[in-house]
Each structure stands twice: as structure tokens, then as C-alpha cells.
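Chemist: After the C-alpha cells below, expect a handful of questions from me.
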Amino acid sequence: MIKIAIYGKGGIGKSTCTANLAAALADMGRKVIQIGCDPKADSTMTLLGGENVIPVMEYLRTHEEPPADHSLISRRGHGGVLCIETGGPTPGMGCAGRGIVASFDLLGELRLFEREKPDAVLYDVLGDVVCGGFAVPIREGYADRVFIVTSGEKMSLYAADNICRAVDSFADRGYAKVGGIILNRRNIPDEEQKVLAFAEAHGTSVIADIPRSDDITACEDRGMTVIEGAPESPAAKAFAALARRIAET
């Protein structure tokens with residue numbers, strides 16, 4: 001089973017990359033689960049036609065008993081991707097990291113992976129810094145590899161550096177390792193060279209180069225990934241190539 005956690009600076013396009021990767025894997029015939037680990041609970045919307053799935057934490061707040069099975073906190077999206085959102089606490093009332101921990105504990109109790117038997121599980125994780133609950137996909141054995149989304153912008157690379165350092169700190173414990181860098185272009189000067197140099201400095205590689213594209217924005221406005229809404233676009237082809245690369249390793 002492929003198990004990948006996707007991290008990066010806030011607003012860098014983690015959800016876009018995760019959802020398009022999930023869609024591309026699904027179109028290859030893989031059985032995929034995508035788990036959004038963000039209080040905004042918007043990771044899977046482009047797989048669900050722009051609609052929401054009830055977040056785990058919201059369900060737990062509004063029901064006296066936990067769900068009897070995962071069907072109450074999940075929905076099927078494009079290509080049959082099973083979409084789950086952890087959600088988070090009421091704004092200003094708690095720790096989002098603890099929400100991830102509570103959600104993962106529940107998914108374990110529901111035996112999600114044993115029942116679904118997915119080929120791939122993708123975690124879209126909030127946070128520029130890997131700490132507390134946001135590190136759960138890395139340190140609890142849920143993910144094997146971490147992909148970091150970055151542009152060539154200074155603050156994006158700064159966040160990527162923090163994430164690499166955090167992942168490296170877990171290296172001697174058998175936790176997930178950095179599997180590569182996803183360059184999500186912002187078309188700044190010397191962007192490719194900056195990101196390639198960053199990857200080399202951290203002993204990894206750029207595994208995907210996603211072009212800046214109006215097709216992505218147009219499809220997201222329609223509640224779609226580019227894999228679904230613009231399959232012949234350069235962006236969709238880049239995501240499809242990434243999916244093939246992952247499936248082959």
C-alpha cells in the first residue's frame with residue numbers, strides 16, 4: 001500500500017496537489033483514500049464536485065455516540081476516491097493538532113484500512129512546522145513517505161526546510177522519510193534552479209514540476225481537479241506523470 005503525507009507552506013497548493021494525485025491514481029485503477037488534516041476541511045472538495053464531507057471532529061461534536069462505521073464520516077468522490085476530513089475544534093476553542101490525533105484514533109477503531117484495503121492513502125497535512133498532532137502521519141506509522149510542496153519563493157523554501165529538519169529528526173525511529181519535492185511553480189526568477197539546489201542540499205530530488213496554470217483555477221472554480229476537468233492540460237499531465245512515478249516505486 002502506498003502511504004504518502006503531503007506537507008508545505010500554507011497556501012502553497014498542498015490540497016491541489018493531493019487531490020489531483022488522488023484523482024490520477026484513481027484513474028489508473030487504484031483504490032485511493034484521501035484524508036484532509038486541516039480544520040478548514042477543504043482538502044477533498046475538488047474530488048466531490050465542490051461539496052463537503054462532514055468532518056470527523058464536527059461529527060463527534062454534534063453526535064452523542066461515535067459513528068458505527070466510516071460511511072458516516074466519508075464520501076466517494078472522483079474515481080471512487082474515499083474522502084475524509086479530520087476537521088478541527090470550534091475556532092478559538094481548542095488545538096487543531098489534537099483534532100488530528102482524535103480523528104486518527106477513531107479511524108483506527110473503525111478499522112478503516114482493514115475494511116477498505118486501499119492501494120494508496122494520501123494525507124494532506126496543515127502546517128509549515130511539523131509538530132504535535134500535525135506530525136502524526138509521519139511518526140505513527142501512517143505514512144511511509146513525505147512529499148513537500150514548494151515554489152521557489154523564499155518563505156516557501158524556508159517552510160520546506162523546517163519540514164525536512166523535522167522529518168530528519170525522526171529518521172532513527174523508523175518513521176516516514178522525505179520522498180521528494182513537488183515544485184508548484186509561481187514563475188519567479190530562477191525558480192527551477194532554486195528548488196533543484198534546495199532538493200540537492202537535502203539529499204532528495206524534485207519528483208514533479210507543476211506548471212502555474214489558469215486551468216487549475218478554472219477547474220477548482222467548477223469543483224474539479226484538472227485531472228477530471230482538463231485532462232489534456234499541461235498541469236494534468238504533470239500530475240498524471242507523478243502518479244505513474246509513485247505507482248512504479
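In the C-alpha cells, chains take the letters A, B, ... in the order shown, each chain's residues start at 1, and ligands count up from 1 in the order shown.
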Residues near Ile148 (chain A), anyone? I mean within 12 Å using only C-alpha atoms, not counting same-chain ones fewer than 3 positions away, as a PyMOL selection string.

Modeler: chain A and resi 4-10+12-15+17-18+123-130+145+151+156-165+167+177-184+195+198-199+202+204-208

Chemist: Determine, counting only C-alpha atoms, which protein, DNA and RNA residues have an atom within 8 Å of an atom of Ile54 (chain A); residues of the same chain fewer than 2 positions away are not included. Present the result as a list in words.

Modeler: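 Contacts, with the query itself left out: Asn52, Val56, Glu58, Tyr59, Ile73, Ser74 and Glu85 of chain A.
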
Chemist: Limited to N, CA and C atoms, could you put the picked residues into a file as a compact mmCIF listing (two decimals), in the first residue's frame?

Modeler:
```txt
# COMPACT_ATOMS: atom_id res chain seq x y z
N ASN A 52 -18.88 19.36 0.39
CA ASN A 52 -18.14 19.00 1.59
C ASN A 52 -18.52 17.62 2.07
N VAL A 56 -14.69 14.72 10.69
CA VAL A 56 -14.75 13.82 11.84
C VAL A 56 -15.03 14.58 13.12
N GLU A 58 -16.41 17.49 13.59
CA GLU A 58 -17.77 18.03 13.63
C GLU A 58 -18.77 16.94 13.98
N TYR A 59 -18.59 15.78 13.40
CA TYR A 59 -19.48 14.66 13.73
C TYR A 59 -19.42 14.35 15.22
N ILE A 73 -18.75 9.34 8.00
CA ILE A 73 -17.78 10.45 8.01
C ILE A 73 -16.93 10.44 6.74
N SER A 74 -17.47 9.90 5.67
CA SER A 74 -16.73 9.85 4.41
C SER A 74 -17.69 9.95 3.23
N GLU A 85 -12.28 14.09 6.00
CA GLU A 85 -11.69 15.31 6.55
C GLU A 85 -11.67 15.20 8.08
```

Chemist: Can you tell me, as a list in words, what residues are no more than 12 Å from Ile2 (chain A) when counting only C-alpha atoms, ignoring any on the same chain fewer than 5 positions away?

Modeler: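 In the requested form, the answer reads Ala22, Leu25, Arg30, Lys31, Val32, Ile33, Gln34, Phe113, Lys117, Pro118, Asp119, Ala120, Val121, Leu122, Tyr123, Tyr142, Ala143, Asp144, Arg145, Val146, Ala176, Gly179, Ala243, Arg245, Ile246, Ala247, Glu248 and Thr249 of chain A.
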
Chemist: Given only C-alpha atoms as the basis, pick out the residue of A:Ala240, A:Ile138, A:Ala68, A:Leu196 nearest to Leu110 (chain A).

Modeler: A:Ala68

Chemist: Could you find all residues in region 104-179 of chain A that DSSP calls strand (DSSP E) from the backbone, and write them as number ranges by chain?

Modeler: A: 120-125, 145-150, 177-179

Chemist: Just asking: which residues within region 178-243 of chain A are alpha helix (DSSP H) according to DSSP, as a ChimeraX atom specification?

Modeler: /A:191-201,214-221,226-229,234-243

Chemist: Kindly export the residues of the current selection with N, CA and C atoms, as a short mmCIF file (atom, residue, chain, number, x, y, z; two decimals), in the first residue's frame.

Modeler:
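For reference, again16.cif as written:
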```cif
data_model
loop_
_atom_site.label_atom_id
_atom_site.label_comp_id
_atom_site.auth_asym_id
_atom_site.auth_seq_id
_atom_site.Cartn_x
_atom_site.Cartn_y
_atom_site.Cartn_z
N GLU A 191 13.46 30.04 -10.62
CA GLU A 191 12.72 29.19 -9.70
C GLU A 191 13.20 27.73 -9.75
N GLU A 192 13.35 27.21 -10.94
CA GLU A 192 13.76 25.81 -11.05
C GLU A 192 15.12 25.58 -10.40
N GLN A 193 16.05 26.47 -10.67
CA GLN A 193 17.40 26.33 -10.11
C GLN A 193 17.39 26.38 -8.59
N LYS A 194 16.57 27.27 -8.03
CA LYS A 194 16.49 27.40 -6.57
C LYS A 194 15.95 26.13 -5.93
N VAL A 195 14.91 25.57 -6.52
CA VAL A 195 14.30 24.38 -5.93
C VAL A 195 15.18 23.15 -6.14
N LEU A 196 15.83 23.05 -7.30
CA LEU A 196 16.76 21.95 -7.52
C LEU A 196 17.92 22.00 -6.53
N ALA A 197 18.43 23.20 -6.28
CA ALA A 197 19.53 23.35 -5.31
C ALA A 197 19.07 22.98 -3.91
N PHE A 198 17.84 23.37 -3.57
CA PHE A 198 17.28 23.02 -2.26
C PHE A 198 17.19 21.50 -2.12
N ALA A 199 16.65 20.85 -3.13
CA ALA A 199 16.49 19.39 -3.07
C ALA A 199 17.85 18.71 -2.93
N GLU A 200 18.83 19.15 -3.70
CA GLU A 200 20.16 18.55 -3.63
C GLU A 200 20.76 18.73 -2.24
N ALA A 201 20.57 19.92 -1.66
CA ALA A 201 21.13 20.20 -0.33
C ALA A 201 20.52 19.30 0.74
N ASP A 214 -3.79 28.54 -15.36
CA ASP A 214 -5.16 29.01 -15.18
C ASP A 214 -6.15 27.85 -15.22
N ASP A 215 -5.76 26.73 -15.83
CA ASP A 215 -6.65 25.57 -15.88
C ASP A 215 -6.96 25.06 -14.48
N ILE A 216 -5.97 25.11 -13.59
CA ILE A 216 -6.18 24.65 -12.21
C ILE A 216 -7.25 25.51 -11.54
N THR A 217 -7.10 26.82 -11.66
CA THR A 217 -8.07 27.73 -11.04
C THR A 217 -9.46 27.54 -11.63
N ALA A 218 -9.54 27.44 -12.96
CA ALA A 218 -10.83 27.29 -13.63
C ALA A 218 -11.52 26.00 -13.20
N CYS A 219 -10.76 24.92 -13.10
CA CYS A 219 -11.36 23.64 -12.68
C CYS A 219 -11.78 23.68 -11.22
N GLU A 220 -10.98 24.29 -10.37
CA GLU A 220 -11.34 24.37 -8.96
C GLU A 220 -12.59 25.22 -8.77
N ASP A 221 -12.76 26.24 -9.60
CA ASP A 221 -13.99 27.04 -9.53
C ASP A 221 -15.21 26.19 -9.89
N VAL A 226 -7.89 19.19 -12.18
CA VAL A 226 -7.58 19.27 -13.62
C VAL A 226 -7.54 17.88 -14.24
N ILE A 227 -7.28 16.87 -13.42
CA ILE A 227 -7.32 15.50 -13.93
C ILE A 227 -8.70 15.20 -14.49
N GLU A 228 -9.73 15.69 -13.82
CA GLU A 228 -11.10 15.47 -14.29
C GLU A 228 -11.53 16.51 -15.31
N GLY A 229 -11.26 17.79 -15.02
CA GLY A 229 -11.84 18.87 -15.81
C GLY A 229 -11.03 19.31 -17.01
N PRO A 234 -1.36 20.82 -19.56
CA PRO A 234 -0.01 20.51 -19.06
C PRO A 234 0.00 20.19 -17.56
N ALA A 235 -0.84 20.87 -16.79
CA ALA A 235 -0.88 20.60 -15.35
C ALA A 235 -1.38 19.19 -15.08
N ALA A 236 -2.45 18.78 -15.76
CA ALA A 236 -2.99 17.43 -15.57
C ALA A 236 -1.95 16.38 -15.98
N LYS A 237 -1.24 16.62 -17.06
CA LYS A 237 -0.23 15.66 -17.49
C LYS A 237 0.91 15.56 -16.49
N ALA A 238 1.23 16.69 -15.82
CA ALA A 238 2.28 16.65 -14.80
C ALA A 238 1.83 15.83 -13.59
N PHE A 239 0.57 15.99 -13.19
CA PHE A 239 0.06 15.20 -12.06
C PHE A 239 -0.03 13.71 -12.44
N ALA A 240 -0.45 13.44 -13.66
CA ALA A 240 -0.54 12.05 -14.11
C ALA A 240 0.83 11.39 -14.13
N ALA A 241 1.85 12.14 -14.55
CA ALA A 241 3.21 11.61 -14.57
C ALA A 241 3.68 11.32 -13.14
N LEU A 242 3.34 12.20 -12.20
CA LEU A 242 3.69 11.96 -10.80
C LEU A 242 3.01 10.70 -10.28
N ALA A 243 1.75 10.52 -10.62
CA ALA A 243 1.02 9.32 -10.17
C ALA A 243 1.68 8.06 -10.72
#
```

Chemist: Using only C-alpha atoms, find the one residue out of A:Ser169, A:Asn20, A:Asp27, A:Gly174 that sits nearest to Gly141 (chain A).

Modeler: A:Gly174

Chemist: To one decimal place in Å, what is the distance between CA of Met224 (chain A) and CA of Leu48 (chain A)?

Modeler: 7.6 Å

Chemist: To one decimal in Å, tell me the separation between CA of Gly97 (chain A) and CA of Val136 (chain A).

Modeler: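 According to the coordinates, CA of Gly97 (chain A) and CA of Val136 (chain A) are separated by 8.7 Å.
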
Chemist: Please, what distance in Å, to one decimal, runs between CA of Glu51 (chain A) and CA of Arg75 (chain A)?

Modeler: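 Distance reported for this atom pair: 10.0 Å.
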
Chemist: Would you list the contacts of Leu106 (chain A) as a ChimeraX atom specification, taking every protein, DNA or RNA residue within 9 Å and counting only C-alpha atoms, but skipping same-chain residues closer than 5 positions in sequence?

Modeler: /A:56,66-67,101,111
